Amino acid sequence: MALLEISHLQKIYVTRLGGAQVEALHDVNFSVEEGEFVAIMGESGSGKTTLLNILAALDRPTAGDVTLSGIPLSGLPERKLAAFRRENLGFVFQDFNLLDTFTLEDNILLPLVLEGVKYPQMRERMVPLVEMLGIARLIKKYPYEVSGGQKQRAAVARALITNPQLVLADEPTGALDSRASDALLGLFERINRGGQTIVMVTHSVRAACRAGRVLFLRDGEVYHQIYRGNLSEDDMFQQISDALTLATSPREEEA
């Protein structure tokens with residue numbers, strides 16, 4: 001059974017004062033196997049952010065369901081959602097979402113603090129993680145004292161510290177220069193090879209090339225996907241670019 005299953009997902013927003021309805025997602029269906037690294041791409045307004053918010057249990061669909069390890073998220077009461085997110089999901093955001101008044105160490109450990117884990121156990125989890133991510137010597141610094149790439153590595157450590165079933169990444173390279181982006185994506189590949197399941201929303205073709213599969217959204221629907229397989233990075237880049245070009249071309253009128 002797939003780790004993550006998205007079935008007939010629909011999301012309709014009602015505009016202010018109920019004047020009109022906007023369908024952000026229309027009958028979205030796909031699954032993610034345990035250990036996959038999936039990128040989701042599409043133009044602005046294609047539904048990527050709405051989809052990610054629903055996968056993160058931050059928003060509820062109008063119809064359809066998201067199931068993680070056999071648990072339908074729509075069946076969870078609001079009072080249990082925060083704990084479910086903390087225990088099962090890790091998040092990496094474009095703008096890092098680190099607290100400037102906390103050291104990197106405090107930011108990384110925050111999810112475990114909220115779980116009530118004792119400090120020795122927190123340290124036991126954190127030390128190998130920050131060593132793997134190359135920020136062990138920086139954890140006593142504050143976010144404003146380190147580079148964007150180092151902040152994002154701390155954010156990745158925070159996402160992984162709870163051993164989540166699924167990591168959701170929202171434009172994780174968006175605020176980074178090319179060198180820091182390549183380093184972060186290399187880390188994602190390494191983490192994924194270790195068995196971590198990752199779903200990443202991105203506008204970057206270079207970022208999407210690192211995923212094992214790329215899904216493309218248009219007008220709230222999945223219209224295409226590409227498997228990396230044995231493709232070279234150049235071939236993957238070309239196929240993704242071609243798919244994005246198709247997304248921007250006018251649809252043929254129905255007969």
# chains A, B, ... in the order shown; residues from 1 in each chain; ligands from 1
>>> select_by_dssp(residues="range 50-108 of chain A", states="helix (DSSP H, G or I)", output="ChimeraX atom specification")
/A:50-55,73-75,78-88,104-108
>>> residues_around(residues="range 140-157 of chain A", least_positions_apart="5", cutoff="9 Å", atoms="only C-alpha atoms", output="PyMOL selection string")
chain A and resi 90-109+126+129-130+133-135+172-173+175-177+179-181+183-184+187-188
>>> residues_around(residues="Leu58 in chain A", least_positions_apart="6", cutoff="10 Å", atoms="only C-alpha atoms", output="JSON, numbers by chain")
{"A": [50, 52, 81, 82, 85]}
>>> write_last_selection(atoms="all heavy atoms", output="tab-separated table (two decimals), in the first residue's frame")
chain	number	residue	atom	x	y	z
A	50	THR	N	-2.37	25.14	-2.75
A	50	THR	CA	-3.58	24.55	-2.16
A	50	THR	C	-3.37	23.08	-1.87
A	50	THR	O	-3.72	22.57	-0.79
A	50	THR	CB	-4.78	24.74	-3.11
A	50	THR	OG1	-5.01	26.13	-3.31
A	50	THR	CG2	-6.03	24.08	-2.54
A	52	LEU	N	-0.52	21.47	-1.40
A	52	LEU	CA	0.44	21.29	-0.31
A	52	LEU	C	-0.20	21.55	1.04
A	52	LEU	O	0.03	20.82	2.01
A	52	LEU	CB	1.65	22.21	-0.51
A	52	LEU	CG	2.86	21.88	0.38
A	52	LEU	CD1	3.50	20.57	-0.05
A	52	LEU	CD2	3.88	22.99	0.35
A	81	LEU	N	-5.22	17.40	15.03
A	81	LEU	CA	-4.44	17.66	13.82
A	81	LEU	C	-3.04	18.16	14.13
A	81	LEU	O	-2.07	17.77	13.47
A	81	LEU	CB	-5.18	18.65	12.92
A	81	LEU	CG	-6.28	18.06	12.04
A	81	LEU	CD1	-6.96	19.16	11.25
A	81	LEU	CD2	-5.72	16.99	11.11
A	82	ALA	N	-2.89	19.06	15.11
A	82	ALA	CA	-1.58	19.62	15.42
A	82	ALA	C	-0.62	18.52	15.85
A	82	ALA	O	0.53	18.47	15.40
A	82	ALA	CB	-1.70	20.69	16.51
A	85	ARG	N	0.31	16.37	12.79
A	85	ARG	CA	1.32	17.02	11.95
A	85	ARG	C	2.70	16.90	12.58
A	85	ARG	O	3.69	16.60	11.90
A	85	ARG	CB	0.97	18.49	11.72
A	85	ARG	CG	-0.15	18.72	10.74
A	85	ARG	CD	-0.27	20.18	10.34
A	85	ARG	NE	-0.70	21.01	11.45
A	85	ARG	CZ	-1.96	21.32	11.71
A	85	ARG	NH1	-2.92	20.86	10.94
A	85	ARG	NH2	-2.27	22.08	12.73
>>> residues_around(residues="Gln239 in chain A", least_positions_apart="6", cutoff="12 Å", atoms="only C-alpha atoms", output="number ranges by chain")
A: 205-206, 208-209, 213-214, 216, 224-228, 231-233, 245-246
>>> residues_around(residues="Arg193 in chain A", least_positions_apart="2", cutoff="12 Å", atoms="only C-alpha atoms", output="ChimeraX atom specification")
/A:34-37,186-191,195-198,210-212
>>> write_last_selection(atoms="N, CA and C atoms", output="PDB file, in the first residue's frame")
ATOM      1  N   GLU A  34       6.339   4.746  -0.206  1.00  0.00           N
ATOM      2  CA  GLU A  34       7.333   4.991   0.842  1.00  0.00           C
ATOM      3  C   GLU A  34       8.724   5.034   0.221  1.00  0.00           C
ATOM      4  N   GLY A  35       9.494   6.067   0.567  1.00  0.00           N
ATOM      5  CA  GLY A  35      10.851   6.209   0.050  1.00  0.00           C
ATOM      6  C   GLY A  35      10.948   6.964  -1.262  1.00  0.00           C
ATOM      7  N   GLU A  36       9.835   7.442  -1.804  1.00  0.00           N
ATOM      8  CA  GLU A  36       9.871   8.226  -3.038  1.00  0.00           C
ATOM      9  C   GLU A  36      10.280   9.673  -2.761  1.00  0.00           C
ATOM     10  N   PHE A  37      10.817  10.320  -3.791  1.00  0.00           N
ATOM     11  CA  PHE A  37      11.091  11.754  -3.795  1.00  0.00           C
ATOM     12  C   PHE A  37      10.320  12.317  -4.983  1.00  0.00           C
ATOM     13  N   GLY A 186      21.350  18.244  -3.036  1.00  0.00           N
ATOM     14  CA  GLY A 186      22.194  17.075  -2.817  1.00  0.00           C
ATOM     15  C   GLY A 186      21.882  16.405  -1.487  1.00  0.00           C
ATOM     16  N   LEU A 187      21.618  17.228  -0.468  1.00  0.00           N
ATOM     17  CA  LEU A 187      21.228  16.684   0.837  1.00  0.00           C
ATOM     18  C   LEU A 187      19.881  15.980   0.755  1.00  0.00           C
ATOM     19  N   PHE A 188      18.945  16.575   0.021  1.00  0.00           N
ATOM     20  CA  PHE A 188      17.639  15.930  -0.144  1.00  0.00           C
ATOM     21  C   PHE A 188      17.802  14.556  -0.793  1.00  0.00           C
ATOM     22  N   GLU A 189      18.646  14.486  -1.819  1.00  0.00           N
ATOM     23  CA  GLU A 189      18.877  13.197  -2.475  1.00  0.00           C
ATOM     24  C   GLU A 189      19.477  12.193  -1.499  1.00  0.00           C
ATOM     25  N   ARG A 190      20.428  12.656  -0.705  1.00  0.00           N
ATOM     26  CA  ARG A 190      21.071  11.765   0.271  1.00  0.00           C
ATOM     27  C   ARG A 190      20.072  11.284   1.318  1.00  0.00           C
ATOM     28  N   ILE A 191      19.261  12.197   1.813  1.00  0.00           N
ATOM     29  CA  ILE A 191      18.247  11.847   2.812  1.00  0.00           C
ATOM     30  C   ILE A 191      17.237  10.869   2.217  1.00  0.00           C
ATOM     31  N   GLY A 195      15.936   6.539   2.793  1.00  0.00           N
ATOM     32  CA  GLY A 195      14.592   6.019   2.992  1.00  0.00           C
ATOM     33  C   GLY A 195      13.535   7.055   3.299  1.00  0.00           C
ATOM     34  N   GLN A 196      13.921   8.344   3.418  1.00  0.00           N
ATOM     35  CA  GLN A 196      12.944   9.379   3.751  1.00  0.00           C
ATOM     36  C   GLN A 196      12.080   9.724   2.541  1.00  0.00           C
ATOM     37  N   THR A 197      10.776   9.730   2.726  1.00  0.00           N
ATOM     38  CA  THR A 197       9.834  10.121   1.674  1.00  0.00           C
ATOM     39  C   THR A 197       9.717  11.644   1.653  1.00  0.00           C
ATOM     40  N   ILE A 198       9.825  12.231   0.453  1.00  0.00           N
ATOM     41  CA  ILE A 198       9.806  13.683   0.300  1.00  0.00           C
ATOM     42  C   ILE A 198       8.834  14.067  -0.816  1.00  0.00           C
ATOM     43  N   ARG A 210      16.164  16.653  -9.548  1.00  0.00           N
ATOM     44  CA  ARG A 210      16.723  15.797  -8.500  1.00  0.00           C
ATOM     45  C   ARG A 210      15.700  14.805  -7.958  1.00  0.00           C
ATOM     46  N   ALA A 211      14.426  15.015  -8.247  1.00  0.00           N
ATOM     47  CA  ALA A 211      13.383  14.118  -7.748  1.00  0.00           C
ATOM     48  C   ALA A 211      13.329  12.848  -8.580  1.00  0.00           C
ATOM     49  N   GLY A 212      12.746  11.810  -8.007  1.00  0.00           N
ATOM     50  CA  GLY A 212      12.578  10.565  -8.738  1.00  0.00           C
ATOM     51  C   GLY A 212      11.375  10.590  -9.658  1.00  0.00           C
TER      52      GLY A 212
END
>>> closest_residue(among="A:Val199, A:Pro61, A:Ala83, A:Ile71", to="Ala169 in chain A", atoms="only C-alpha atoms")
A:Val199
>>> residues_around(residues="Gln10 in chain A", least_positions_apart="2", cutoff="7 Å", atoms="only C-alpha atoms", output="list of chain:residue names")
A:His8, A:Ile12, A:Leu25, A:His26, A:Asp27, A:Val28, A:Pro61, A:Thr62, A:Ala63, A:Gly64
>>> write_last_selection(atoms="N, CA and C atoms", output="PDB file, in the first residue's frame")
ATOM      1  N   HIS A   8      -9.481  11.665  -5.612  1.00  0.00           N
ATOM      2  CA  HIS A   8     -10.581  12.524  -6.068  1.00  0.00           C
ATOM      3  C   HIS A   8     -10.636  13.840  -5.279  1.00  0.00           C
ATOM      4  N   ILE A  12     -12.818  23.896  -3.415  1.00  0.00           N
ATOM      5  CA  ILE A  12     -13.537  25.051  -3.938  1.00  0.00           C
ATOM      6  C   ILE A  12     -13.519  26.145  -2.882  1.00  0.00           C
ATOM      7  N   LEU A  25      -8.677  22.997  -6.948  1.00  0.00           N
ATOM      8  CA  LEU A  25      -8.290  21.624  -7.279  1.00  0.00           C
ATOM      9  C   LEU A  25      -9.500  20.890  -7.814  1.00  0.00           C
ATOM     10  N   HIS A  26      -9.280  20.101  -8.865  1.00  0.00           N
ATOM     11  CA  HIS A  26     -10.387  19.377  -9.503  1.00  0.00           C
ATOM     12  C   HIS A  26      -9.995  17.921  -9.718  1.00  0.00           C
ATOM     13  N   ASP A  27     -10.565  17.013  -8.910  1.00  0.00           N
ATOM     14  CA  ASP A  27     -10.388  15.567  -9.081  1.00  0.00           C
ATOM     15  C   ASP A  27      -8.919  15.169  -9.215  1.00  0.00           C
ATOM     16  N   VAL A  28      -8.126  15.539  -8.212  1.00  0.00           N
ATOM     17  CA  VAL A  28      -6.698  15.204  -8.197  1.00  0.00           C
ATOM     18  C   VAL A  28      -6.516  13.803  -7.614  1.00  0.00           C
ATOM     19  N   PRO A  61     -10.066  19.504   2.227  1.00  0.00           N
ATOM     20  CA  PRO A  61     -10.640  19.537   0.875  1.00  0.00           C
ATOM     21  C   PRO A  61     -12.149  19.681   0.907  1.00  0.00           C
ATOM     22  N   THR A  62     -12.701  20.146  -0.197  1.00  0.00           N
ATOM     23  CA  THR A  62     -14.155  20.190  -0.358  1.00  0.00           C
ATOM     24  C   THR A  62     -14.700  18.790  -0.586  1.00  0.00           C
ATOM     25  N   ALA A  63     -13.934  17.987  -1.313  1.00  0.00           N
ATOM     26  CA  ALA A  63     -14.313  16.592  -1.574  1.00  0.00           C
ATOM     27  C   ALA A  63     -13.038  15.777  -1.752  1.00  0.00           C
ATOM     28  N   GLY A  64     -13.183  14.457  -1.662  1.00  0.00           N
ATOM     29  CA  GLY A  64     -12.029  13.596  -1.779  1.00  0.00           C
ATOM     30  C   GLY A  64     -11.291  13.478  -0.461  1.00  0.00           C
TER      31      GLY A  64
END
>>> closest_residue(among="A:Met200, A:Leu112, A:Leu166, A:Leu244", to="Leu217 in chain A", atoms="only C-alpha atoms")
A:Leu244
>>> closest_residue(among="A:Asp170, A:Asp65, A:Glu78, A:Glu87", to="Asn53 in chain A", atoms="only C-alpha atoms")
A:Asp170
>>> closest_residue(among="A:Gly75, A:Gly70, A:Pro128, A:Gly42", to="His203 in chain A", atoms="only C-alpha atoms")
A:Gly42
>>> atom_distance(atom1="CA of Glu171 in chain A", atom2="CA of Ala159 in chain A")
14.5 Å
>>> select_by_dssp(residues="range 7-248 of chain A", states="strand (DSSP E or B)", output="VMD selection string")
chain A and resid 7 to 14 21 to 32 37 to 41 63 to 68 71 to 72 89 to 93 166 to 170 197 to 201 213 to 218 221 to 227
>>> write_last_selection(atoms="C-alpha atoms", output="mmCIF file, in the first residue's frame")
data_model
loop_
_atom_site.group_PDB
_atom_site.id
_atom_site.type_symbol
_atom_site.label_atom_id
_atom_site.label_comp_id
_atom_site.auth_asym_id
_atom_site.auth_seq_id
_atom_site.Cartn_x
_atom_site.Cartn_y
_atom_site.Cartn_z
ATOM 1 C CA SER A 7 -8.140 10.366 -4.059
ATOM 2 C CA HIS A 8 -10.581 12.524 -6.068
ATOM 3 C CA LEU A 9 -9.385 15.656 -4.298
ATOM 4 C CA GLN A 10 -11.372 18.817 -4.916
ATOM 5 C CA LYS A 11 -11.073 22.236 -3.311
ATOM 6 C CA ILE A 12 -13.537 25.051 -3.938
ATOM 7 C CA TYR A 13 -13.124 28.491 -2.417
ATOM 8 C CA VAL A 14 -16.050 30.863 -2.085
ATOM 9 C CA GLN A 21 -16.756 30.035 -6.444
ATOM 10 C CA VAL A 22 -13.187 29.258 -7.481
ATOM 11 C CA GLU A 23 -12.174 25.640 -7.996
ATOM 12 C CA ALA A 24 -8.513 25.427 -6.988
ATOM 13 C CA LEU A 25 -8.290 21.624 -7.279
ATOM 14 C CA HIS A 26 -10.387 19.377 -9.503
ATOM 15 C CA ASP A 27 -10.388 15.567 -9.081
ATOM 16 C CA VAL A 28 -6.698 15.204 -8.197
ATOM 17 C CA ASN A 29 -5.528 11.591 -7.909
ATOM 18 C CA PHE A 30 -2.047 10.221 -7.257
ATOM 19 C CA SER A 31 -0.126 8.187 -4.717
ATOM 20 C CA VAL A 32 3.369 8.340 -3.237
ATOM 21 C CA PHE A 37 11.091 11.754 -3.795
ATOM 22 C CA VAL A 38 8.300 13.504 -5.724
ATOM 23 C CA ALA A 39 8.369 17.043 -7.094
ATOM 24 C CA ILE A 40 5.185 18.948 -7.946
ATOM 25 C CA MET A 41 5.345 21.669 -10.582
ATOM 26 C CA ALA A 63 -14.313 16.592 -1.574
ATOM 27 C CA GLY A 64 -12.029 13.596 -1.779
ATOM 28 C CA ASP A 65 -9.435 12.554 0.738
ATOM 29 C CA VAL A 66 -5.778 12.379 1.673
ATOM 30 C CA THR A 67 -4.665 9.188 3.401
ATOM 31 C CA LEU A 68 -1.309 8.830 5.154
ATOM 32 C CA ILE A 71 -5.278 7.203 8.089
ATOM 33 C CA PRO A 72 -7.744 9.537 6.296
ATOM 34 C CA LEU A 89 5.071 15.370 8.982
ATOM 35 C CA GLY A 90 8.220 17.443 8.573
ATOM 36 C CA PHE A 91 8.144 20.854 6.885
ATOM 37 C CA VAL A 92 10.783 22.812 4.957
ATOM 38 C CA PHE A 93 9.730 26.295 3.816
ATOM 39 C CA LEU A 166 6.714 12.393 5.146
ATOM 40 C CA VAL A 167 8.696 15.587 4.534
ATOM 41 C CA LEU A 168 6.840 18.370 2.701
ATOM 42 C CA ALA A 169 9.063 21.019 1.119
ATOM 43 C CA ASP A 170 7.603 24.283 -0.202
ATOM 44 C CA THR A 197 9.834 10.121 1.674
ATOM 45 C CA ILE A 198 9.806 13.683 0.300
ATOM 46 C CA VAL A 199 7.178 15.691 -1.582
ATOM 47 C CA MET A 200 8.507 19.015 -2.864
ATOM 48 C CA VAL A 201 6.655 21.880 -4.543
ATOM 49 C CA ARG A 213 9.225 11.622 -10.180
ATOM 50 C CA VAL A 214 7.716 14.949 -11.226
ATOM 51 C CA LEU A 215 3.979 15.649 -11.247
ATOM 52 C CA PHE A 216 2.604 18.569 -13.245
ATOM 53 C CA LEU A 217 -0.513 20.526 -12.273
ATOM 54 C CA ARG A 218 -2.616 22.681 -14.579
ATOM 55 C CA GLU A 221 -5.513 18.817 -12.209
ATOM 56 C CA VAL A 222 -2.541 16.489 -12.616
ATOM 57 C CA TYR A 223 -2.028 16.368 -16.377
ATOM 58 C CA HIS A 224 1.389 14.717 -16.734
ATOM 59 C CA GLN A 225 4.198 13.003 -14.840
ATOM 60 C CA ILE A 226 7.823 12.109 -15.557
ATOM 61 C CA TYR A 227 9.885 9.386 -13.931
#
>>> closest_residue(among="A:Asp182, A:Glu124, A:Glu33, A:Glu131", to="Thr162 in chain A", atoms="only C-alpha atoms")
A:Glu124
